[in-house]
Structures are given as C-alpha cells and as structure tokens.
Amino acid sequence: MTASDRRQFLRTSLGAAAAVSLGSQLELAPALNLRQSFKVGLVGCGRQGRTILTELAKWPAVEVVGLADPVESRRKSALRRAKGAVGYTGHAELLSAHTDLDAVIVASPTHLHTEPALAAFAAGHHVYCEAPMAHTLDDAKRLAEAAKNSSKVFQVGQLGRVNPIYNLAWKFYRSGSIGDLVALRSRSAEKTTWTTPVRDPADQKALNWRTDAEVSLGLPGELGVHQFDVFHWFTGEYPTSVRGNGSIRLHKDGRQVPDTVSTSLRYADGTQLGWEATIANSFDGSYEQFEGHMGTFKLGWTHGWLFKEADSPTQGWEVYANRQSVGNEQGITLIADATKLAAQNKLKDGIGLPESSLWYGLEAFIKSCTEGAEVACTAAEGARSLMVALAATEAVRTGEEVAIDADVLNSL
Amino acid sequence: MATRFELVLVGDSERELRAAGEAAVAEIEEVALRLNRFDRASFARFLEREACSHPVRLDQDLYDLFELCLEVEEESAGAFSITHGSPGGFLLDPEASTVRLSDSETRLDFGAVAKGFALDLAADELRECPALEAALLHGGTSTAIALGTPPMSDAWKLSVRLADDARVVQLTDRALSASAQAGRQHIADPRPGRTADAATFAAVTAPTAALADAWSTALAVLGTDLPPGVRAALQAHDVAPIQRALTPAP
C-alpha cells in the first residue's frame, strides 16, 4: 500500500466511522419484501392516478386489476399503464366487480375522495387517499371516524412523512440541531394554468375542478396541505390562526380561484409560518424552511440541506459531510442512507432521492397493509392538516384573520 | 434529455391551447423523469437495478418503445442499440408485458430515441385538444413532429442545415429527425469492434418521432452505403432517409 493509498484508505475509514457514529439515524428503512399478490383498484385516472400506476408497476406482486374514471380518455390512457386491468366509469362498478381487492387507491378530484374511500372501507379494503383527503371538514371527519372504527389501513398521501431526506431532517430537528425555532417559511411555485383541454363539454367540471370555486380549495388546499403537514410533523404543533390574501395575477380567464397567495400562520408561542404559493411564476420551486437560532433546514422534496450558524458548535461527522452551495450559503447536504454510502466512499452518489416521494408513500402504505407497519400519515393527521388548509383558504378568500379551533383540531 | 423543447400551437382559443400545451409538456417532463439515465430516481435506473434479477412490468407506451428499439437494432444490424457499451441486452415478454435485462451490468441509454418518444406522447396529448388546428413540436432542434398544416400553407417547412447546404423538408402529420456524426462526435457505434468515425449526416422522415429519432441515429452510424436489408426495412416502415457523407468513410 503506497502512502497515497493509505491516505485514501484512512480518509475512507474515517468517513465511514463518522457516518456510522450517527448509527441508525442515517439509514433507510428495510425495503418492502412483497411476496404474495397484492390486488389494487384505482379510483381516478388523471395525471396523478397515472403516475401512481407507473410507481405500482415497480413491485412485481402488485396487480392493478381495475380502475375507474368517468372520463373515457383518462380511463383509456390509464389502461395503457395497467395491463390486464379493467376500466369502469365509477368506483361502485369497480368495487362490485372486484370483491377480492386488497386495497383501493383514491386519486380522484379532491371533492370526490370521500364516497369512494368510504365505499372501499365498507367493502373491507385498505385505502390510500390522495391529499387533501377531502374538501370539507365534515367529510374529513367522516373518513377519520371510519378509519378509527376499522382494522383496515387508511393512509393519506401527505408525502413529506415518508420522504427519506425529510425523515433524516426530522431526526436532526428533533435532536435540537438547529436550536430554538425562530421562524418557518415555505413556498410553492409553478407556472401552470391548472386547466385541462376538454374534448366533450360535459367533462368540463370533471376535468377543470381546480379552478372551479364551488369545489376547489385553491392553492392552500391543493398545495399547502402537503407543506403544512411537514411543519406539523416536525414541530408537533398546529397554528392557532391564519391571515392571508390572494389575487389573480396572471390567469385572468374568468376564474375566481386566486393564482397567487400569501399567508401567515401563527402559533401559540409566537412562531410564524410564512407560506406563499403561485401558479403564475416558477421561481424557487417548492420548499419548506425551518430557521433556528443555531441553523436552518431547507427541504425541497428531492434535496435537503442543513445550514449552520457561525456560532453553532461543529459536530465530528460534519467534517466528512458533503457540502453544496445554495445561493450565497454553504449547506450540508442531507443524504439518505449516508452510512452505507460513506462506507463505500460514495457519499456524493446519494445526493437526491433514489425513488420518487410517491414511491415511498406507496411503499409505506403496502407495508402497513401487509406487514402491519405504522401508518405513515393517518386519517386524523390528514384531517388536521386539512383543517389548517381550510382556514388558510378562508383567510385568502376573506382577507380576514381566521382562527383555528384547537378543541376541534384535537378532537380529530 | 437535458434539451429544450418548443411547441408551436395553432388555433383560436389561447386558453385551450395553453392548457393543451401544458399537458403536452407534462408528458415530455414525465418521459425525461422516467428515461433519464443520470437521475437515479428514473425508471431507466430502476430497470438497471431490478430487471436483471426479475422481469419488470412495463406500461404499454414503454413496452412499445422497447419493442421499437429492438426492431431498429435488429434491422440496422446493431447500428442502433439502447444497451450499447455495456454487456448483455434485454428480453421482452409480450404476454406479460415485461422486460428483463440479461446482465447486471447492462445499461439502458435512451438518448437516441427519448426525444422522439417524448414528442410522440406530447403529440398524442395535443390531438385530444379540439381547439388545436395544427402544431409543430421539436426537441433540441434535432427531432420534430408536425400535426396538420400551418395557416396559409400546405405543409410545415423545416430547413435541415448543413455547413454549406440547406434542404427544406415539408412535413404534414409526420416526424423528422436529424443526426450527425460530425462536430461533437456524440454517437457511439454499438457494433463490436467498430467506431463511428465515418462522418455522416443523416436525417429521416417517418410516421412517428421515435422511429425517426432511432433511425436517424442508426443511419448516421451506418454511413451512406446502406445494405439492401436496411433499405428494405426503411421502406417497410415508411422511413424516408436524407443522408449525406460529410467526410469520406475510412
């Protein structure tokens, strides 16, 4: 072994040792080992439903046997992604034709989640429900109640909780790594009309529900609910009130649902979460930021960083951590499965996520169904996030401060 | 794909066209996410990890893509291959709609066909839009697909440029793709013991963009002196070649 080899060996060994010292904190959960057939029915074949089909195809034992959507073009498109599946116009036909399903995945428009989810539960199936889980608190309560009284799994698709990078950050956060919380900040930005071309005018309401003020929860409901949940999960706290405003900055096509909103969610201890969203501009994408007196986490779904304050004590493992420039800051890259990668001297290969967030959500769901694993996001958690999102929607609509009743929230 | 796509949409309703354009771009972005070999969360990388130990199910679109790749590989005598530069290949099971890689080191490179595949799926989305009268889509200026005819004209006219020459190709409901072995030298010759150093410019028009993309790459590798079998295959698939040698073959 040359001196150079020895230096490399020493560096690798030290890096591995440093990573190992963090132990299980950095390791991914064991992969799903699904041996028996797992039969799934899908309700809702829009883009999200079709993406779900793509992810489900990665498990050989998962068999999508039926799918339902009232819009023919979507049904046909989904059937191209699920060989052997049968298409139906509604969930009732799907459920009556396939009584041996293991699970039903509900990916229909938000205001059409409740009935198929309740029907699937009543038929004795596990249910994965896209977020937001419902479009009214009453519906969410019905679902949470049904879930409470059932031995079957009900998982809400709030995906921060299953994302390995977020789990890593959560563990660091809970260990006090950024000190006392100073502020919370979050943004969701994408340039899109939120509309779909319609071939048959009869499909207008079914396809363009996001811009229909009668049923749409707007940006706080459709986008915010996922991000609010990340803050609840990390802090264990829910805001007590929300202020907000919104307007239509770009899409002046007659819609009533604002395309740009800004909200401030206040917590009992004085912490504020500033959350803004737009579908008129894509700058800076989507992220959640936790700012503490000793550091900041910035989480952007596929990437995450820890930024240390200058007076924050340095821990031994940080010497070997991967660093990236983010704007004017140097961040420590949050890398899932860092222990294994550091041992192989491949830490940089781990930047990003090996799978999509949705894949982790579905994997967690199937694990809960087949192995009894803890449900990643329960109906109650989904309902509480929805309650916050509904308050934010109302604050944006009225321009008034909207209180969030802690008694109601805690009863969910 | 790390390239720029542009869409020209013709119709009266800007609102409907923008919505259709977004749906088309979403298809392109999804293909990029699924087939990007540089993204470890992509489906292509998933296949590289998993399909060597067990068959992996493909949706109909991806199965059709694999089948097309296999067909062009066979008919071009290996001048086009998505597994080039790596050991093994892939096996398709049409009954189960699965793919299996024959070696754990087999790598999947869709770089010579992904743009065309994405454009075909985007065009399918656009065809669903009743407000759309015509469209021209391109990816990276090397692959394009035309739907219908533009206003005041009987075809979309695309200029295929060479250093000292340009040729106008007229397209209606048809795709065009161009590949050149000159310049960046980015096309590998997948055939054992061969190097793609015969500088050939190849463009083809074809019924689909994926077919055009794959065959333009194969022809850039094969050079201008095409074997009869290749010519027969091109004819059978309605692929019309436009080739030109840039430098003499060695």
# chains A, B, ... in the order shown; residues from 1 in each chain; ligands from 1
>>> residues_around(residues="Leu35 in chain B", least_positions_apart="4", cutoff="10 Å", atoms="only C-alpha atoms", output="PyMOL selection string")
chain B and resi 1+30-31+39+41-47+62+108-111+114+118
>>> write_last_selection(atoms="N, CA and C atoms", output="PDB file, in the first residue's frame")
ATOM      1  N   MET B   1     -33.125  14.306 -20.621  1.00  0.00           N
ATOM      2  CA  MET B   1     -32.820  14.620 -22.013  1.00  0.00           C
ATOM      3  C   MET B   1     -31.993  15.900 -22.109  1.00  0.00           C
ATOM      4  N   GLU B  30     -42.411  14.013 -18.006  1.00  0.00           N
ATOM      5  CA  GLU B  30     -42.508  12.678 -17.416  1.00  0.00           C
ATOM      6  C   GLU B  30     -41.556  11.701 -18.105  1.00  0.00           C
ATOM      7  N   VAL B  31     -41.466  11.809 -19.429  1.00  0.00           N
ATOM      8  CA  VAL B  31     -40.515  10.947 -20.150  1.00  0.00           C
ATOM      9  C   VAL B  31     -39.094  11.244 -19.670  1.00  0.00           C
ATOM     10  N   ASP B  39     -30.427  10.321 -13.659  1.00  0.00           N
ATOM     11  CA  ASP B  39     -31.234  10.551 -12.458  1.00  0.00           C
ATOM     12  C   ASP B  39     -31.492   9.199 -11.810  1.00  0.00           C
ATOM     13  N   ALA B  41     -33.447   8.323  -9.590  1.00  0.00           N
ATOM     14  CA  ALA B  41     -34.854   8.033  -9.316  1.00  0.00           C
ATOM     15  C   ALA B  41     -35.626   7.703 -10.592  1.00  0.00           C
ATOM     16  N   SER B  42     -34.941   7.669 -11.746  1.00  0.00           N
ATOM     17  CA  SER B  42     -35.656   7.424 -13.007  1.00  0.00           C
ATOM     18  C   SER B  42     -36.024   5.949 -13.152  1.00  0.00           C
ATOM     19  N   PHE B  43     -37.009   5.697 -13.996  1.00  0.00           N
ATOM     20  CA  PHE B  43     -37.434   4.316 -14.236  1.00  0.00           C
ATOM     21  C   PHE B  43     -36.330   3.541 -14.954  1.00  0.00           C
ATOM     22  N   ALA B  44     -35.574   4.235 -15.799  1.00  0.00           N
ATOM     23  CA  ALA B  44     -34.471   3.562 -16.510  1.00  0.00           C
ATOM     24  C   ALA B  44     -33.452   3.016 -15.505  1.00  0.00           C
ATOM     25  N   ARG B  45     -33.122   3.821 -14.515  1.00  0.00           N
ATOM     26  CA  ARG B  45     -32.161   3.359 -13.493  1.00  0.00           C
ATOM     27  C   ARG B  45     -32.787   2.262 -12.626  1.00  0.00           C
ATOM     28  N   PHE B  46     -34.102   2.377 -12.389  1.00  0.00           N
ATOM     29  CA  PHE B  46     -34.793   1.321 -11.650  1.00  0.00           C
ATOM     30  C   PHE B  46     -34.668  -0.003 -12.413  1.00  0.00           C
ATOM     31  N   LEU B  47     -34.870   0.064 -13.736  1.00  0.00           N
ATOM     32  CA  LEU B  47     -34.750  -1.154 -14.544  1.00  0.00           C
ATOM     33  C   LEU B  47     -33.334  -1.716 -14.473  1.00  0.00           C
ATOM     34  N   LEU B  62     -44.161   2.227 -22.793  1.00  0.00           N
ATOM     35  CA  LEU B  62     -42.758   1.833 -22.642  1.00  0.00           C
ATOM     36  C   LEU B  62     -42.478   0.498 -23.318  1.00  0.00           C
ATOM     37  N   LEU B 108     -28.990   1.034 -19.783  1.00  0.00           N
ATOM     38  CA  LEU B 108     -30.005   1.466 -20.749  1.00  0.00           C
ATOM     39  C   LEU B 108     -29.793   2.934 -21.085  1.00  0.00           C
ATOM     40  N   ASP B 109     -29.541   3.197 -22.351  1.00  0.00           N
ATOM     41  CA  ASP B 109     -29.319   4.575 -22.796  1.00  0.00           C
ATOM     42  C   ASP B 109     -30.365   4.897 -23.870  1.00  0.00           C
ATOM     43  N   PHE B 110     -31.358   5.675 -23.466  1.00  0.00           N
ATOM     44  CA  PHE B 110     -32.429   6.026 -24.399  1.00  0.00           C
ATOM     45  C   PHE B 110     -32.146   7.342 -25.120  1.00  0.00           C
ATOM     46  N   GLY B 111     -30.896   7.802 -25.020  1.00  0.00           N
ATOM     47  CA  GLY B 111     -30.548   9.121 -25.538  1.00  0.00           C
ATOM     48  C   GLY B 111     -30.846   9.310 -27.017  1.00  0.00           C
ATOM     49  N   ALA B 114     -35.257   8.962 -26.930  1.00  0.00           N
ATOM     50  CA  ALA B 114     -36.162   9.531 -25.909  1.00  0.00           C
ATOM     51  C   ALA B 114     -36.850  10.805 -26.390  1.00  0.00           C
ATOM     52  N   ALA B 118     -40.818  11.146 -26.478  1.00  0.00           N
ATOM     53  CA  ALA B 118     -41.500  12.213 -25.735  1.00  0.00           C
ATOM     54  C   ALA B 118     -42.375  13.044 -26.670  1.00  0.00           C
TER      55      ALA B 118
END
>>> residues_around(residues="Met387 in chain A", least_positions_apart="4", cutoff="12 Å", atoms="only C-alpha atoms", output="PyMOL selection string")
chain A and resi 132-141+217+220-221+224-225+228-229+238-242+380-383+391-394+402-412
>>> write_last_selection(atoms="C-alpha atoms", output="PDB file, in the first residue's frame")
ATOM      1  CA  PRO A 132     -56.053  16.758   0.671  1.00  0.00           C
ATOM      2  CA  MET A 133     -58.126  13.870   1.938  1.00  0.00           C
ATOM      3  CA  ALA A 134     -61.411  15.745   1.465  1.00  0.00           C
ATOM      4  CA  HIS A 135     -62.694  19.198   0.593  1.00  0.00           C
ATOM      5  CA  THR A 136     -64.785  19.795   3.723  1.00  0.00           C
ATOM      6  CA  LEU A 137     -64.042  19.193   7.370  1.00  0.00           C
ATOM      7  CA  ASP A 138     -67.261  17.204   7.696  1.00  0.00           C
ATOM      8  CA  ASP A 139     -66.104  14.782   5.023  1.00  0.00           C
ATOM      9  CA  ALA A 140     -62.683  14.510   6.657  1.00  0.00           C
ATOM     10  CA  LYS A 141     -64.364  13.743   9.986  1.00  0.00           C
ATOM     11  CA  LEU A 217     -59.717  24.507  -2.132  1.00  0.00           C
ATOM     12  CA  PRO A 220     -53.719  26.424   0.213  1.00  0.00           C
ATOM     13  CA  GLY A 221     -55.776  23.266  -0.131  1.00  0.00           C
ATOM     14  CA  GLY A 224     -50.366  23.985   1.064  1.00  0.00           C
ATOM     15  CA  VAL A 225     -51.833  20.944   2.753  1.00  0.00           C
ATOM     16  CA  PHE A 228     -48.374  22.487   6.345  1.00  0.00           C
ATOM     17  CA  ASP A 229     -48.243  18.821   7.286  1.00  0.00           C
ATOM     18  CA  TYR A 238     -50.554  23.421  14.859  1.00  0.00           C
ATOM     19  CA  PRO A 239     -51.133  27.089  14.168  1.00  0.00           C
ATOM     20  CA  THR A 240     -53.849  28.914  16.081  1.00  0.00           C
ATOM     21  CA  SER A 241     -54.778  31.403  13.367  1.00  0.00           C
ATOM     22  CA  VAL A 242     -54.110  32.351   9.750  1.00  0.00           C
ATOM     23  CA  ALA A 380     -56.626  12.015  11.758  1.00  0.00           C
ATOM     24  CA  GLU A 381     -53.357  13.625  10.691  1.00  0.00           C
ATOM     25  CA  GLY A 382     -54.760  14.207   7.243  1.00  0.00           C
ATOM     26  CA  ALA A 383     -57.892  15.777   8.720  1.00  0.00           C
ATOM     27  CA  ALA A 391     -58.540  28.025   7.429  1.00  0.00           C
ATOM     28  CA  ALA A 392     -55.859  29.316   5.050  1.00  0.00           C
ATOM     29  CA  THR A 393     -58.274  29.052   2.113  1.00  0.00           C
ATOM     30  CA  GLU A 394     -60.873  31.028   4.078  1.00  0.00           C
ATOM     31  CA  VAL A 402     -59.230  33.050  10.653  1.00  0.00           C
ATOM     32  CA  ALA A 403     -58.913  31.242  13.978  1.00  0.00           C
ATOM     33  CA  ILE A 404     -58.179  27.526  14.140  1.00  0.00           C
ATOM     34  CA  ASP A 405     -60.150  25.977  16.965  1.00  0.00           C
ATOM     35  CA  ALA A 406     -57.708  23.848  18.953  1.00  0.00           C
ATOM     36  CA  ASP A 407     -60.529  21.847  20.558  1.00  0.00           C
ATOM     37  CA  VAL A 408     -61.937  20.832  17.183  1.00  0.00           C
ATOM     38  CA  LEU A 409     -58.476  20.136  15.838  1.00  0.00           C
ATOM     39  CA  ASN A 410     -57.513  17.964  18.784  1.00  0.00           C
ATOM     40  CA  SER A 411     -60.774  16.057  18.554  1.00  0.00           C
ATOM     41  CA  LEU A 412     -59.901  14.808  15.092  1.00  0.00           C
TER      42      LEU A 412
END
>>> select_by_dssp(residues="range 160-385 of chain A", states="helix (DSSP H, G or I)", output="VMD selection string")
chain A and resid 160 to 162 164 to 174 201 to 207 209 to 211 218 to 235 316 to 320 338 to 343 347 to 350 357 to 371 379 to 385
>>> closest_residue(among="A:Thr378, A:Thr51, A:Gln315, A:Ser216", to="chain B", atoms="only C-alpha atoms")
A:Thr51
>>> interface_residues(of="chain A", to="chain B", cutoff="7 Å", atoms="only C-alpha atoms", output="compact mmCIF listing (two decimals) with N, CA and C atoms, in the first residue's frame")
# COMPACT_ATOMS: atom_id res chain seq x y z
N ALA A 57 -46.09 -0.32 -10.74
CA ALA A 57 -45.52 -1.34 -11.63
C ALA A 57 -44.14 -1.80 -11.15
N LYS A 58 -43.55 -1.05 -10.24
CA LYS A 58 -42.20 -1.41 -9.78
C LYS A 58 -42.21 -2.60 -8.81
N PRO A 60 -43.39 -6.32 -8.48
CA PRO A 60 -43.95 -7.39 -9.30
C PRO A 60 -45.22 -7.99 -8.71
N ARG A 80 -53.55 1.84 -20.53
CA ARG A 80 -52.27 1.58 -21.21
C ARG A 80 -51.14 1.37 -20.20
N ARG A 81 -51.39 1.81 -18.97
CA ARG A 81 -50.35 1.66 -17.94
C ARG A 81 -50.62 0.50 -17.00
N ALA A 82 -51.69 -0.20 -17.18
CA ALA A 82 -52.04 -1.29 -16.26
C ALA A 82 -52.55 -2.47 -17.06
N LYS A 83 -51.63 -3.26 -17.56
CA LYS A 83 -52.01 -4.40 -18.41
C LYS A 83 -52.88 -5.37 -17.62
N THR A 193 -51.47 26.68 -15.75
CA THR A 193 -52.83 27.26 -15.75
C THR A 193 -53.77 26.52 -14.81
N THR A 195 -55.41 24.09 -15.75
CA THR A 195 -56.57 23.71 -16.56
C THR A 195 -56.20 22.58 -17.51
N THR A 196 -57.21 21.93 -18.01
CA THR A 196 -57.04 20.79 -18.91
C THR A 196 -57.92 21.02 -20.13
N PRO A 197 -57.41 20.75 -21.34
CA PRO A 197 -58.28 20.89 -22.51
C PRO A 197 -59.43 19.90 -22.44
N VAL A 198 -60.58 20.33 -22.90
CA VAL A 198 -61.78 19.49 -22.78
C VAL A 198 -62.32 19.17 -24.16
N ARG A 199 -62.42 17.89 -24.46
CA ARG A 199 -62.96 17.48 -25.75
C ARG A 199 -64.49 17.51 -25.72
N LEU A 353 -32.88 11.71 -4.27
CA LEU A 353 -33.64 10.55 -3.79
C LEU A 353 -33.52 9.39 -4.77
N PRO A 354 -33.35 8.16 -4.25
CA PRO A 354 -33.29 7.01 -5.16
C PRO A 354 -34.64 6.72 -5.82
N GLU A 355 -35.73 7.12 -5.17
CA GLU A 355 -37.07 6.91 -5.74
C GLU A 355 -37.86 8.21 -5.56
N SER A 356 -39.03 8.27 -6.19
CA SER A 356 -39.85 9.46 -6.04
C SER A 356 -40.54 9.45 -4.67
>>> residues_around(residues="Ala68 in chain A", least_positions_apart="4", cutoff="6 Å", atoms="only C-alpha atoms", output="compact mmCIF listing (two decimals) with N, CA and C atoms, in the first residue's frame")
# COMPACT_ATOMS: atom_id res chain seq x y z
N VAL A 43 -59.08 4.53 -8.17
CA VAL A 43 -60.21 5.44 -8.47
C VAL A 43 -59.62 6.79 -8.84
N GLY A 44 -59.83 7.19 -10.09
CA GLY A 44 -59.27 8.47 -10.55
C GLY A 44 -58.07 8.24 -11.43
N GLY A 87 -61.43 -1.33 -16.98
CA GLY A 87 -61.83 0.05 -16.73
C GLY A 87 -63.31 0.17 -16.41
N TYR A 88 -63.64 1.06 -15.49
CA TYR A 88 -65.04 1.32 -15.10
C TYR A 88 -65.27 2.82 -15.05
N THR A 89 -66.55 3.21 -15.19
CA THR A 89 -66.84 4.64 -15.16
C THR A 89 -66.92 5.18 -13.73
N GLY A 90 -67.19 4.30 -12.77
CA GLY A 90 -67.30 4.78 -11.39
C GLY A 90 -66.76 3.78 -10.38
N HIS A 91 -66.56 4.27 -9.15
CA HIS A 91 -65.98 3.39 -8.13
C HIS A 91 -66.93 2.27 -7.72
>>> residues_around(residues="range 147-159 of chain B", least_positions_apart="3", cutoff="9 Å", atoms="only C-alpha atoms", output="list in words")
Val10, Ala123, Leu126, Arg127, Glu133, Ala134, Ala135, Leu136, Leu137, Ala166, Arg167, Val168, Val169, Gln170, Leu171, Thr172, Asp173, Arg174, Ala175 and Leu176 of chain B
>>> atom_distance(atom1="CA of Thr141 in chain B", atom2="CA of Glu6 in chain B")
8.7 Å
>>> atom_distance(atom1="CA of Arg244 in chain B", atom2="CA of Thr224 in chain B")
6.6 Å
>>> residues_around(residues="Phe172 in chain A", least_positions_apart="3", cutoff="10 Å", atoms="only C-alpha atoms", output="PyMOL selection string")
chain A and resi 25-26+166-169+175-178+297+306
>>> write_last_selection(atoms="C-alpha atoms", output="mmCIF file, in the first residue's frame")
data_model
loop_
_atom_site.group_PDB
_atom_site.id
_atom_site.type_symbol
_atom_site.label_atom_id
_atom_site.label_comp_id
_atom_site.auth_asym_id
_atom_site.auth_seq_id
_atom_site.Cartn_x
_atom_site.Cartn_y
_atom_site.Cartn_z
ATOM 1 C CA GLN A 25 -30.208 7.945 12.171
ATOM 2 C CA LEU A 26 -28.998 7.891 8.590
ATOM 3 C CA TYR A 166 -37.304 14.622 5.357
ATOM 4 C CA ASN A 167 -37.034 11.751 7.823
ATOM 5 C CA LEU A 168 -33.348 12.446 8.206
ATOM 6 C CA ALA A 169 -34.004 16.152 8.745
ATOM 7 C CA SER A 175 -32.373 16.240 18.366
ATOM 8 C CA GLY A 176 -32.179 20.030 18.571
ATOM 9 C CA SER A 177 -29.651 20.524 15.804
ATOM 10 C CA ILE A 178 -30.917 23.985 14.772
ATOM 11 C CA PHE A 297 -33.077 23.320 7.329
ATOM 12 C CA LEU A 306 -28.610 21.984 6.817
#
>>> closest_residue(among="B:Ala203, B:Ala180, B:Leu92, B:Ala212", to="Phe117 in chain B", atoms="only C-alpha atoms")
B:Ala212
>>> select_by_dssp(residues="range 91-232 of chain B", states="strand (DSSP E or B)", output="ChimeraX atom specification")
/B:91-93,98-101,134-139,143-147,156-162,165-171,174-180,200-206
